[in-house]
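> Got input35.csv for you, CSV, C-alpha atoms:
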```csv
chain,number,residue,atom,x,y,z
X,7,MET,CA,-51.9,-19.6,155.5
X,8,LEU,CA,-49.9,-18.0,152.7
X,9,SER,CA,-50.1,-19.7,149.4
X,10,LYS,CA,-47.1,-22.0,148.7
X,11,ARG,CA,-44.9,-21.4,145.6
X,12,ILE,CA,-43.4,-23.9,143.1
X,13,ILE,CA,-40.1,-22.7,141.7
X,14,PRO,CA,-38.0,-24.4,139.0
X,15,CYS,CA,-34.3,-23.7,139.2
X,16,LEU,CA,-31.9,-23.2,136.3
X,17,ASP,CA,-28.3,-24.1,137.3
X,18,VAL,CA,-26.3,-22.6,134.5
X,19,MET,CA,-22.7,-23.3,133.4
X,20,ASN,CA,-21.2,-22.1,130.2
X,21,GLY,CA,-24.6,-20.9,129.0
X,22,GLN,CA,-26.3,-24.3,129.4
X,23,THR,CA,-28.6,-25.6,132.1
X,24,VAL,CA,-26.9,-28.4,134.1
X,25,LYS,CA,-27.8,-30.7,137.0
X,26,GLY,CA,-25.8,-33.0,139.3
X,27,VAL,CA,-26.1,-35.0,142.5
X,28,ASN,CA,-24.7,-33.6,145.8
X,29,PHE,CA,-23.3,-30.6,143.7
X,30,VAL,CA,-21.1,-32.9,141.5
X,31,ASP,CA,-21.4,-35.1,138.4
X,32,LEU,CA,-23.1,-32.4,136.3
X,33,ARG,CA,-24.9,-33.3,133.1
X,34,GLN,CA,-26.6,-31.0,130.6
X,35,ALA,CA,-30.3,-30.4,130.9
X,36,GLY,CA,-31.1,-28.1,128.1
X,37,ASP,CA,-31.3,-24.5,126.8
X,38,PRO,CA,-32.0,-22.1,129.7
X,39,VAL,CA,-34.1,-19.7,127.6
X,40,GLU,CA,-36.3,-22.5,126.3
X,41,LEU,CA,-36.7,-24.1,129.7
X,42,ALA,CA,-37.6,-20.8,131.3
X,43,LYS,CA,-40.2,-20.1,128.7
X,44,ALA,CA,-41.8,-23.5,129.2
X,45,TYR,CA,-41.9,-23.1,133.0
X,46,ALA,CA,-43.6,-19.8,132.8
X,47,GLU,CA,-46.2,-21.3,130.4
X,48,GLN,CA,-46.7,-24.3,132.6
X,49,GLY,CA,-47.6,-22.1,135.6
X,50,ALA,CA,-44.4,-21.9,137.7
X,51,ASP,CA,-44.8,-19.3,140.3
X,52,GLU,CA,-41.2,-18.0,140.1
X,53,LEU,CA,-38.0,-18.9,138.4
X,54,VAL,CA,-34.5,-19.0,139.9
X,55,PHE,CA,-31.3,-18.7,137.7
X,56,LEU,CA,-28.0,-19.6,139.4
X,57,ASP,CA,-24.7,-19.1,137.5
X,58,ILE,CA,-23.1,-21.9,139.4
X,59,THR,CA,-19.4,-21.2,138.5
X,60,ALA,CA,-19.3,-17.4,138.5
X,61,THR,CA,-17.9,-17.2,142.0
X,62,ILE,CA,-15.3,-19.9,141.4
X,63,GLU,CA,-14.3,-18.3,138.1
X,64,LYS,CA,-14.3,-14.9,139.8
X,65,ARG,CA,-16.5,-13.3,137.1
X,66,GLU,CA,-19.8,-11.6,136.8
X,67,THR,CA,-23.1,-13.4,136.1
X,68,PHE,CA,-24.0,-13.8,132.4
X,69,VAL,CA,-26.0,-10.5,132.1
X,70,GLU,CA,-26.9,-11.0,128.5
X,71,LEU,CA,-28.4,-14.5,129.1
X,72,VAL,CA,-30.3,-13.1,132.1
X,73,SER,CA,-31.8,-10.5,129.8
X,74,ARG,CA,-32.8,-13.0,127.2
X,75,ILE,CA,-34.6,-15.2,129.8
X,76,ALA,CA,-36.3,-12.1,131.4
X,77,GLN,CA,-37.7,-11.2,128.0
X,78,ASN,CA,-39.4,-14.6,127.6
X,79,ILE,CA,-41.1,-14.9,131.0
X,80,ASN,CA,-43.8,-13.1,133.0
X,81,ILE,CA,-43.1,-14.5,136.5
X,82,PRO,CA,-40.8,-13.2,139.3
X,83,PHE,CA,-37.2,-14.0,138.4
X,84,THR,CA,-34.3,-14.4,140.9
X,85,VAL,CA,-30.7,-14.4,139.7
X,86,GLY,CA,-27.6,-15.4,141.6
X,87,GLY,CA,-23.9,-16.2,141.0
X,88,GLY,CA,-20.9,-14.0,141.3
X,89,ILE,CA,-22.7,-11.0,142.8
X,90,GLN,CA,-20.2,-8.9,144.8
X,91,ASN,CA,-21.7,-5.4,145.2
X,92,GLU,CA,-24.5,-3.0,144.5
X,93,LYS,CA,-23.3,-2.4,141.0
X,94,ASP,CA,-23.6,-6.1,140.1
X,95,VAL,CA,-27.2,-6.0,141.5
X,96,GLU,CA,-28.1,-2.9,139.5
X,97,LYS,CA,-26.9,-4.6,136.3
X,98,LEU,CA,-29.0,-7.7,136.9
X,99,LEU,CA,-32.1,-5.7,137.8
X,100,ASN,CA,-31.7,-3.6,134.7
X,101,ALA,CA,-31.4,-6.9,132.7
X,102,GLY,CA,-34.8,-8.0,134.0
X,103,ALA,CA,-34.2,-9.8,137.3
X,104,ASP,CA,-36.7,-9.1,140.1
X,105,LYS,CA,-34.6,-10.4,143.0
X,106,ILE,CA,-31.0,-11.4,143.4
X,107,SER,CA,-29.5,-14.3,145.3
X,108,ILE,CA,-26.3,-14.0,147.2
X,109,ASN,CA,-24.3,-16.8,149.0
X,110,SER,CA,-20.5,-16.8,149.2
X,111,SER,CA,-20.2,-13.0,149.0
X,112,ALA,CA,-22.7,-12.6,151.9
X,113,VAL,CA,-20.8,-15.1,154.1
X,114,LYS,CA,-17.6,-13.3,153.4
X,115,ASN,CA,-19.1,-9.8,153.9
X,116,PRO,CA,-22.4,-10.0,155.9
X,117,ASN,CA,-22.8,-6.2,155.7
X,118,LEU,CA,-23.5,-6.7,152.0
X,119,ILE,CA,-27.0,-7.9,153.0
X,120,SER,CA,-27.7,-4.7,154.8
X,121,LYS,CA,-26.3,-2.6,152.0
X,122,LEU,CA,-28.4,-4.3,149.4
X,123,LYS,CA,-31.5,-4.1,151.6
X,124,ASN,CA,-31.0,-0.4,152.1
X,125,GLN,CA,-30.5,0.3,148.4
X,126,PHE,CA,-33.0,-2.1,146.8
X,127,GLY,CA,-35.4,-3.2,149.6
X,128,SER,CA,-35.4,-6.5,151.4
X,129,GLN,CA,-37.9,-8.0,149.0
X,130,CYS,CA,-35.1,-8.0,146.4
X,131,VAL,CA,-32.5,-9.8,148.6
X,132,VAL,CA,-32.5,-13.6,148.7
X,133,VAL,CA,-29.8,-15.2,150.9
X,134,ALA,CA,-28.9,-18.7,149.6
X,135,VAL,CA,-27.5,-21.1,152.1
X,136,ASP,CA,-25.8,-24.3,151.1
X,137,ALA,CA,-26.0,-26.7,154.1
X,138,LYS,CA,-24.2,-29.9,154.8
X,139,TRP,CA,-24.5,-32.3,157.8
X,140,ILE,CA,-21.1,-32.7,159.5
X,141,ASN,CA,-20.3,-33.8,163.1
X,142,ASN,CA,-24.0,-33.8,164.2
X,143,ASP,CA,-24.8,-30.3,163.0
X,144,TRP,CA,-25.6,-28.4,159.8
X,145,PHE,CA,-22.8,-26.2,158.5
X,146,VAL,CA,-22.6,-23.5,155.7
X,147,PHE,CA,-20.6,-24.2,152.6
X,148,VAL,CA,-19.5,-21.6,150.0
X,149,HIS,CA,-18.1,-21.4,146.5
X,150,GLY,CA,-20.7,-23.7,144.9
X,151,GLY,CA,-20.5,-26.1,147.8
X,152,ARG,CA,-16.7,-26.6,147.5
X,153,ILE,CA,-15.5,-24.8,150.6
X,154,PRO,CA,-16.7,-25.6,154.2
X,155,THR,CA,-17.0,-22.9,156.8
X,156,GLU,CA,-17.3,-23.2,160.6
X,157,ILE,CA,-20.6,-21.3,160.5
X,158,ARG,CA,-23.7,-23.2,161.8
X,159,VAL,CA,-26.6,-22.9,159.4
X,160,ILE,CA,-29.0,-22.0,162.2
X,161,ASP,CA,-26.8,-19.1,163.3
X,162,TRP,CA,-26.2,-17.8,159.7
X,163,CYS,CA,-30.0,-17.9,158.8
X,164,LYS,CA,-30.8,-15.9,161.9
X,165,LYS,CA,-28.0,-13.4,161.2
X,166,ALA,CA,-29.0,-13.0,157.5
X,167,THR,CA,-32.6,-12.3,158.6
X,168,GLU,CA,-31.5,-9.7,161.1
X,169,LEU,CA,-29.3,-8.0,158.5
X,170,GLY,CA,-32.3,-7.6,156.1
X,171,ALA,CA,-32.6,-10.7,153.9
X,172,GLY,CA,-36.1,-10.9,152.4
X,173,GLU,CA,-36.0,-14.7,151.8
X,174,ILE,CA,-33.8,-17.7,152.6
X,175,LEU,CA,-33.1,-20.2,149.8
X,176,LEU,CA,-32.1,-23.3,151.9
X,177,THR,CA,-30.3,-26.1,150.0
X,178,SER,CA,-29.3,-29.4,151.6
X,179,MET,CA,-26.2,-30.5,149.8
X,180,ASP,CA,-26.7,-34.0,151.2
X,181,HIS,CA,-30.2,-34.2,149.6
X,182,ASP,CA,-29.4,-32.3,146.4
X,183,GLY,CA,-30.2,-34.4,143.2
X,184,THR,CA,-30.9,-37.6,145.2
X,185,LYS,CA,-34.7,-37.4,144.6
X,186,ASN,CA,-35.2,-38.9,148.1
X,187,GLY,CA,-37.1,-35.9,149.5
X,188,PHE,CA,-36.2,-32.6,151.1
X,189,ALA,CA,-34.3,-32.1,154.4
X,190,ILE,CA,-37.6,-31.8,156.3
X,191,SER,CA,-36.2,-31.4,159.8
X,192,LEU,CA,-33.7,-28.7,158.8
X,193,THR,CA,-36.3,-26.9,156.8
X,194,LYS,CA,-38.8,-26.9,159.7
X,195,THR,CA,-36.1,-25.7,162.1
X,196,ILE,CA,-35.2,-22.7,159.9
X,197,SER,CA,-38.8,-21.9,159.0
X,198,GLU,CA,-39.7,-21.7,162.6
X,199,LEU,CA,-36.6,-19.7,163.5
X,200,VAL,CA,-36.9,-16.9,161.0
X,201,ASN,CA,-39.8,-14.5,160.2
X,202,ILE,CA,-39.2,-14.4,156.4
X,203,PRO,CA,-40.1,-16.9,153.7
X,204,VAL,CA,-38.0,-20.1,153.4
X,205,ILE,CA,-37.5,-21.7,150.0
X,206,ALA,CA,-36.7,-25.4,150.4
X,207,SER,CA,-34.2,-26.9,147.9
X,208,GLY,CA,-32.5,-30.2,147.3
X,209,GLY,CA,-34.0,-33.7,147.1
X,210,ALA,CA,-37.4,-33.3,145.3
X,211,GLY,CA,-38.2,-36.6,143.6
X,212,ASN,CA,-42.0,-36.7,143.5
X,213,SER,CA,-45.2,-34.7,144.3
X,214,GLU,CA,-45.4,-36.2,147.8
X,215,HIS,CA,-42.0,-34.6,148.7
X,216,PHE,CA,-43.5,-31.2,148.0
X,217,ALA,CA,-46.5,-31.9,150.1
X,218,GLU,CA,-44.2,-33.0,152.9
X,219,VAL,CA,-41.9,-30.0,152.8
X,220,PHE,CA,-44.9,-27.6,152.8
X,221,THR,CA,-46.7,-29.3,155.7
X,222,LYS,CA,-44.1,-31.0,158.0
X,223,GLY,CA,-41.2,-28.7,156.8
X,224,LYS,CA,-43.3,-25.5,156.9
X,225,ALA,CA,-41.5,-24.2,153.8
X,226,ASP,CA,-43.0,-21.3,151.9
X,227,ALA,CA,-41.8,-22.5,148.6
X,228,GLY,CA,-40.4,-25.7,147.0
X,229,LEU,CA,-37.5,-25.4,144.5
X,230,ALA,CA,-36.5,-28.2,142.2
X,231,ALA,CA,-34.4,-28.7,139.0
X,232,SER,CA,-33.9,-32.1,137.4
X,233,ILE,CA,-37.5,-33.5,138.0
X,234,PHE,CA,-38.8,-30.5,136.0
X,235,HIS,CA,-36.0,-30.4,133.4
X,236,PHE,CA,-36.3,-34.0,132.5
X,237,GLY,CA,-40.2,-34.0,132.6
X,238,GLU,CA,-40.5,-36.4,135.6
X,239,ILE,CA,-43.1,-34.1,137.1
X,240,LYS,CA,-45.2,-31.5,135.2
X,241,ILE,CA,-45.9,-28.3,137.1
X,242,PRO,CA,-49.7,-28.4,136.4
X,243,ASP,CA,-49.9,-32.0,137.7
X,244,LEU,CA,-48.0,-31.1,140.8
X,245,LYS,CA,-50.3,-28.2,141.5
X,246,ILE,CA,-53.4,-30.4,141.1
X,247,TYR,CA,-51.9,-32.9,143.5
X,248,LEU,CA,-51.1,-30.3,146.1
X,249,LYS,CA,-54.6,-28.8,145.8
X,250,ASN,CA,-56.1,-32.2,146.4
X,251,LYS,CA,-54.0,-32.4,149.6
X,252,ASN,CA,-55.7,-29.1,150.7
X,253,ILE,CA,-52.4,-27.2,150.4
X,254,VAL,CA,-53.0,-23.6,149.3
X,255,ILE,CA,-50.9,-22.8,146.2
X,256,ARG,CA,-50.8,-19.9,143.8
```
Rewrite the structure from the file as structure tokens, please.

Amino acid sequence: MLSKRIIPCLDVMNGQTVKGVNFVDLRQAGDPVELAKAYAEQGADELVFLDITATIEKRETFVELVSRIAQNINIPFTVGGGIQNEKDVEKLLNAGADKISINSSAVKNPNLISKLKNQFGSQCVVVAVDAKWINNDWFVFVHGGRIPTEIRVIDWCKKATELGAGEILLTSMDHDGTKNGFAISLTKTISELVNIPVIASGGAGNSEHFAEVFTKGKADAGLAASIFHFGEIKIPDLKIYLKNKNIVIR
């Protein structure tokens, strides 16, 4: 069994970390550089930075902020938001990112996944999937969860994997920020469907939720934001809890 990863996520808007519920009602959660530094020191396995309004505002990710964060951490660093092409990826990797996360641009142009895989390697390409339960099925949403598509999550995850994604970052919009637990059944379905790591996101409220998504949900990593930002769960405590549950973590 591969060791599981704990990944804090910085959703950034206007240079500040924010967090909402079901992708709305955003509130400030602190300075991204300070938070990133603290998470690396606390033993986070990786860090994800999402510039959540870059796509909507049709602009590039804040490269300078990415660079400042990268200089302050020593753990793998994934960056997403507003990435459209290889040139964007190159800039972010040069700024210190280890992997990039694409969402809306990949849905619009699935061949982007293959292009990035061929140029940078699949280990660099994380495909983020924002999922919402509608009419008895999970569907993909784009543009920061604002625009629905007619693409089923199960079909898109399969296609993204075939095109060369190295990981799937799977967020349930229905669970996001609720702290009622991850979307276990969805996570399990996708984890069993694809042969690449699945990062579960949306709904973490306590340590038990992580244990559940790693065992029942078969996720390879658990991502969370507000519970870490507001100190509700400390990463070292979470890791001790999971070890006591015989879950192999880094």
> Tell me which of X:Ile205, X:Leu176, X:Leu169, X:Leu199 sits closest to Phe145 in chain X, counting all atoms listed in the file.
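Smallest distance to Phe145 in chain X is found for X:Leu176.
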> Could you check the closest approach to Lys194 in chain X for each of X:His215, X:Lys224, X:His181, X:Arg11 and tell me which residue wins, using all atoms listed in the file?
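Residue with the minimum atom-to-atom distance to Lys194 in chain X: X:Lys224.
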> For the atom pair CA of Leu99 in chain X and CA of Ile233 in chain X, what is the interatomic distance in Å to one decimal place?
28.3 Å
> Per residue of range 170-253 of chain X within 9 Å of range 128-132 of chain X, which atom pair is closest and at what distance in Å (one decimal), using only C-alpha atoms, listed by chain and increasing number, as a Markdown table?

```
| residue | atom | partner | partner_atom | distance |
| --- | --- | --- | --- | --- |
| X:Gly170 | CA | X:Ser128 | CA | 5.7 |
| X:Ala171 | CA | X:Val131 | CA | 5.4 |
| X:Gly172 | CA | X:Ser128 | CA | 4.6 |
| X:Glu173 | CA | X:Val132 | CA | 4.8 |
| X:Ile174 | CA | X:Val132 | CA | 5.8 |
| X:Leu175 | CA | X:Val132 | CA | 6.7 |
```
> Compare X:Ala46, X:Asp17, X:Val24, X:Glu156 by their minimum atom-to-atom distance to Gly86 in chain X, counting all atoms listed in the file, and give me the closest one.
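Closest candidate: X:Asp17.
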> Please identify all polymer residues within 10 Å of Ala103 in chain X, counting only C-alpha atoms, omitting same-chain residues fewer than 5 positions from it, and present them as number ranges by chain.
X: 53-55, 69, 72-73, 75-76, 82-86, 95-98, 130
> Counting all atoms listed in the file, find residues at most 9 Å from (-28.0, -32.5, 154.6) (file frame) and give them as a VMD selection string.
chain X and resid 137 to 140 144 177 to 182 188 to 189 192 208
> By how many Å are CA of Asn115 in chain X and CA of Ile202 in chain X apart?
20.8 Å
> Do a neighbour search on Glu214 in chain X at 9 Å with all atoms listed in the file, toss out local chain neighbours closer than 5 positions, and write the hits as a tab-separated table (two decimals) with C-alpha atoms, in the frame of the given file.

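Written file, out_36.tsv:
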```tsv
chain	number	residue	atom	x	y	z
X	187	GLY	CA	-37.10	-35.90	149.50
X	219	VAL	CA	-41.90	-30.00	152.80
X	247	TYR	CA	-51.90	-32.90	143.50
X	248	LEU	CA	-51.10	-30.30	146.10
```
> Given the choices X:Gln48, X:Ser110, X:Thr193, X:Thr23, which gets closest to Lys240 in chain X if the distance is worked out from only C-alpha atoms?
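Closest to Lys240 in chain X of all the choices is X:Gln48.
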> Could you please give me, as a PyMOL selection string, the residues of protein, DNA or RNA lying at most 8 Å from (-38.2, -23.4, 132.3) in the coordinate frame of the file, considering only C-alpha atoms?
chain X and resi 14-16+38-46+53+235
> When you look at Ile253 in chain X with a cut-off of 8 Å (counting all atoms listed in the file), what residues show up, excluding the ones that are within fewer than 4 positions of it in the same chain? I need them as an MDAnalysis selection string.
chainID X and resid 9:10 217 220 248:249
> Because the input lacks atoms here, generate N, CA and C atoms for range 119-148 of chain X and report them as an mmCIF file, in the frame of the given file.

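Writing the result to result_17.cif gives the following:
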```cif
data_model
loop_
_atom_site.group_PDB
_atom_site.id
_atom_site.type_symbol
_atom_site.label_atom_id
_atom_site.label_comp_id
_atom_site.auth_asym_id
_atom_site.auth_seq_id
_atom_site.Cartn_x
_atom_site.Cartn_y
_atom_site.Cartn_z
ATOM 1 N N ILE X 119 -25.520 -7.722 152.862
ATOM 2 C CA ILE X 119 -27.000 -7.900 153.000
ATOM 3 C C ILE X 119 -27.672 -6.625 153.327
ATOM 4 N N SER X 120 -27.141 -5.938 154.352
ATOM 5 C CA SER X 120 -27.700 -4.700 154.800
ATOM 6 C C SER X 120 -27.636 -3.599 153.703
ATOM 7 N N LYS X 121 -26.487 -3.556 153.040
ATOM 8 C CA LYS X 121 -26.300 -2.600 152.000
ATOM 9 C C LYS X 121 -27.318 -2.743 150.868
ATOM 10 N N LEU X 122 -27.488 -4.001 150.448
ATOM 11 C CA LEU X 122 -28.400 -4.300 149.400
ATOM 12 C C LEU X 122 -29.873 -4.025 149.795
ATOM 13 N N LYS X 123 -30.159 -4.370 151.044
ATOM 14 C CA LYS X 123 -31.500 -4.100 151.600
ATOM 15 C C LYS X 123 -31.805 -2.624 151.575
ATOM 16 N N ASN X 124 -30.819 -1.832 152.016
ATOM 17 C CA ASN X 124 -31.000 -0.400 152.100
ATOM 18 C C ASN X 124 -31.185 0.253 150.710
ATOM 19 N N GLN X 125 -30.457 -0.278 149.732
ATOM 20 C CA GLN X 125 -30.500 0.300 148.400
ATOM 21 C C GLN X 125 -31.681 -0.198 147.552
ATOM 22 N N PHE X 126 -31.989 -1.501 147.675
ATOM 23 C CA PHE X 126 -33.000 -2.100 146.800
ATOM 24 C C PHE X 126 -34.240 -2.619 147.461
ATOM 25 N N GLY X 127 -34.223 -2.677 148.800
ATOM 26 C CA GLY X 127 -35.400 -3.200 149.600
ATOM 27 C C GLY X 127 -35.160 -4.697 149.853
ATOM 28 N N SER X 128 -35.605 -5.124 151.031
ATOM 29 C CA SER X 128 -35.400 -6.500 151.400
ATOM 30 C C SER X 128 -36.076 -7.507 150.523
ATOM 31 N N GLN X 129 -37.183 -7.087 149.874
ATOM 32 C CA GLN X 129 -37.900 -8.000 149.000
ATOM 33 C C GLN X 129 -37.052 -8.449 147.807
ATOM 34 N N CYS X 130 -35.965 -7.720 147.557
ATOM 35 C CA CYS X 130 -35.100 -8.000 146.400
ATOM 36 C C CYS X 130 -33.946 -8.959 146.815
ATOM 37 N N VAL X 131 -33.726 -9.129 148.140
ATOM 38 C CA VAL X 131 -32.500 -9.800 148.600
ATOM 39 C C VAL X 131 -32.832 -11.248 149.104
ATOM 40 N N VAL X 132 -32.377 -12.233 148.335
ATOM 41 C CA VAL X 132 -32.500 -13.600 148.700
ATOM 42 C C VAL X 132 -31.135 -14.114 149.184
ATOM 43 N N VAL X 133 -31.044 -14.634 150.405
ATOM 44 C CA VAL X 133 -29.800 -15.200 150.900
ATOM 45 C C VAL X 133 -29.829 -16.711 150.684
ATOM 46 N N ALA X 134 -28.951 -17.223 149.815
ATOM 47 C CA ALA X 134 -28.900 -18.700 149.600
ATOM 48 C C ALA X 134 -27.935 -19.306 150.549
ATOM 49 N N VAL X 135 -28.359 -20.410 151.130
ATOM 50 C CA VAL X 135 -27.500 -21.100 152.100
ATOM 51 C C VAL X 135 -27.370 -22.556 151.698
ATOM 52 N N ASP X 136 -26.116 -22.934 151.434
ATOM 53 C CA ASP X 136 -25.800 -24.300 151.100
ATOM 54 C C ASP X 136 -25.373 -25.043 152.366
ATOM 55 N N ALA X 137 -26.174 -26.035 152.776
ATOM 56 C CA ALA X 137 -26.000 -26.700 154.100
ATOM 57 C C ALA X 137 -25.540 -28.124 153.945
ATOM 58 N N LYS X 138 -24.622 -28.525 154.812
ATOM 59 C CA LYS X 138 -24.200 -29.900 154.800
ATOM 60 C C LYS X 138 -24.074 -30.409 156.260
ATOM 61 N N TRP X 139 -24.491 -31.653 156.468
ATOM 62 C CA TRP X 139 -24.500 -32.300 157.800
ATOM 63 C C TRP X 139 -23.137 -32.813 158.144
ATOM 64 N N ILE X 140 -22.484 -32.226 159.144
ATOM 65 C CA ILE X 140 -21.100 -32.700 159.500
ATOM 66 C C ILE X 140 -21.055 -32.646 161.064
ATOM 67 N N ASN X 141 -20.516 -33.725 161.636
ATOM 68 C CA ASN X 141 -20.300 -33.800 163.100
ATOM 69 C C ASN X 141 -21.595 -33.406 163.878
ATOM 70 N N ASN X 142 -22.711 -34.006 163.485
ATOM 71 C CA ASN X 142 -24.000 -33.800 164.200
ATOM 72 C C ASN X 142 -24.522 -32.370 164.171
ATOM 73 N N ASP X 143 -24.201 -31.625 163.109
ATOM 74 C CA ASP X 143 -24.800 -30.300 163.000
ATOM 75 C C ASP X 143 -24.754 -29.902 161.481
ATOM 76 N N TRP X 144 -25.576 -28.908 161.125
ATOM 77 C CA TRP X 144 -25.600 -28.400 159.800
ATOM 78 C C TRP X 144 -24.646 -27.210 159.675
ATOM 79 N N PHE X 145 -23.725 -27.256 158.683
ATOM 80 C CA PHE X 145 -22.800 -26.200 158.500
ATOM 81 C C PHE X 145 -22.919 -25.561 157.093
ATOM 82 N N VAL X 146 -22.539 -24.287 156.990
ATOM 83 C CA VAL X 146 -22.600 -23.500 155.700
ATOM 84 C C VAL X 146 -21.397 -23.835 154.863
ATOM 85 N N PHE X 147 -21.657 -24.068 153.573
ATOM 86 C CA PHE X 147 -20.600 -24.200 152.600
ATOM 87 C C PHE X 147 -20.672 -23.070 151.589
ATOM 88 N N VAL X 148 -19.521 -22.687 151.016
ATOM 89 C CA VAL X 148 -19.500 -21.600 150.000
ATOM 90 C C VAL X 148 -18.795 -22.043 148.761
#
```
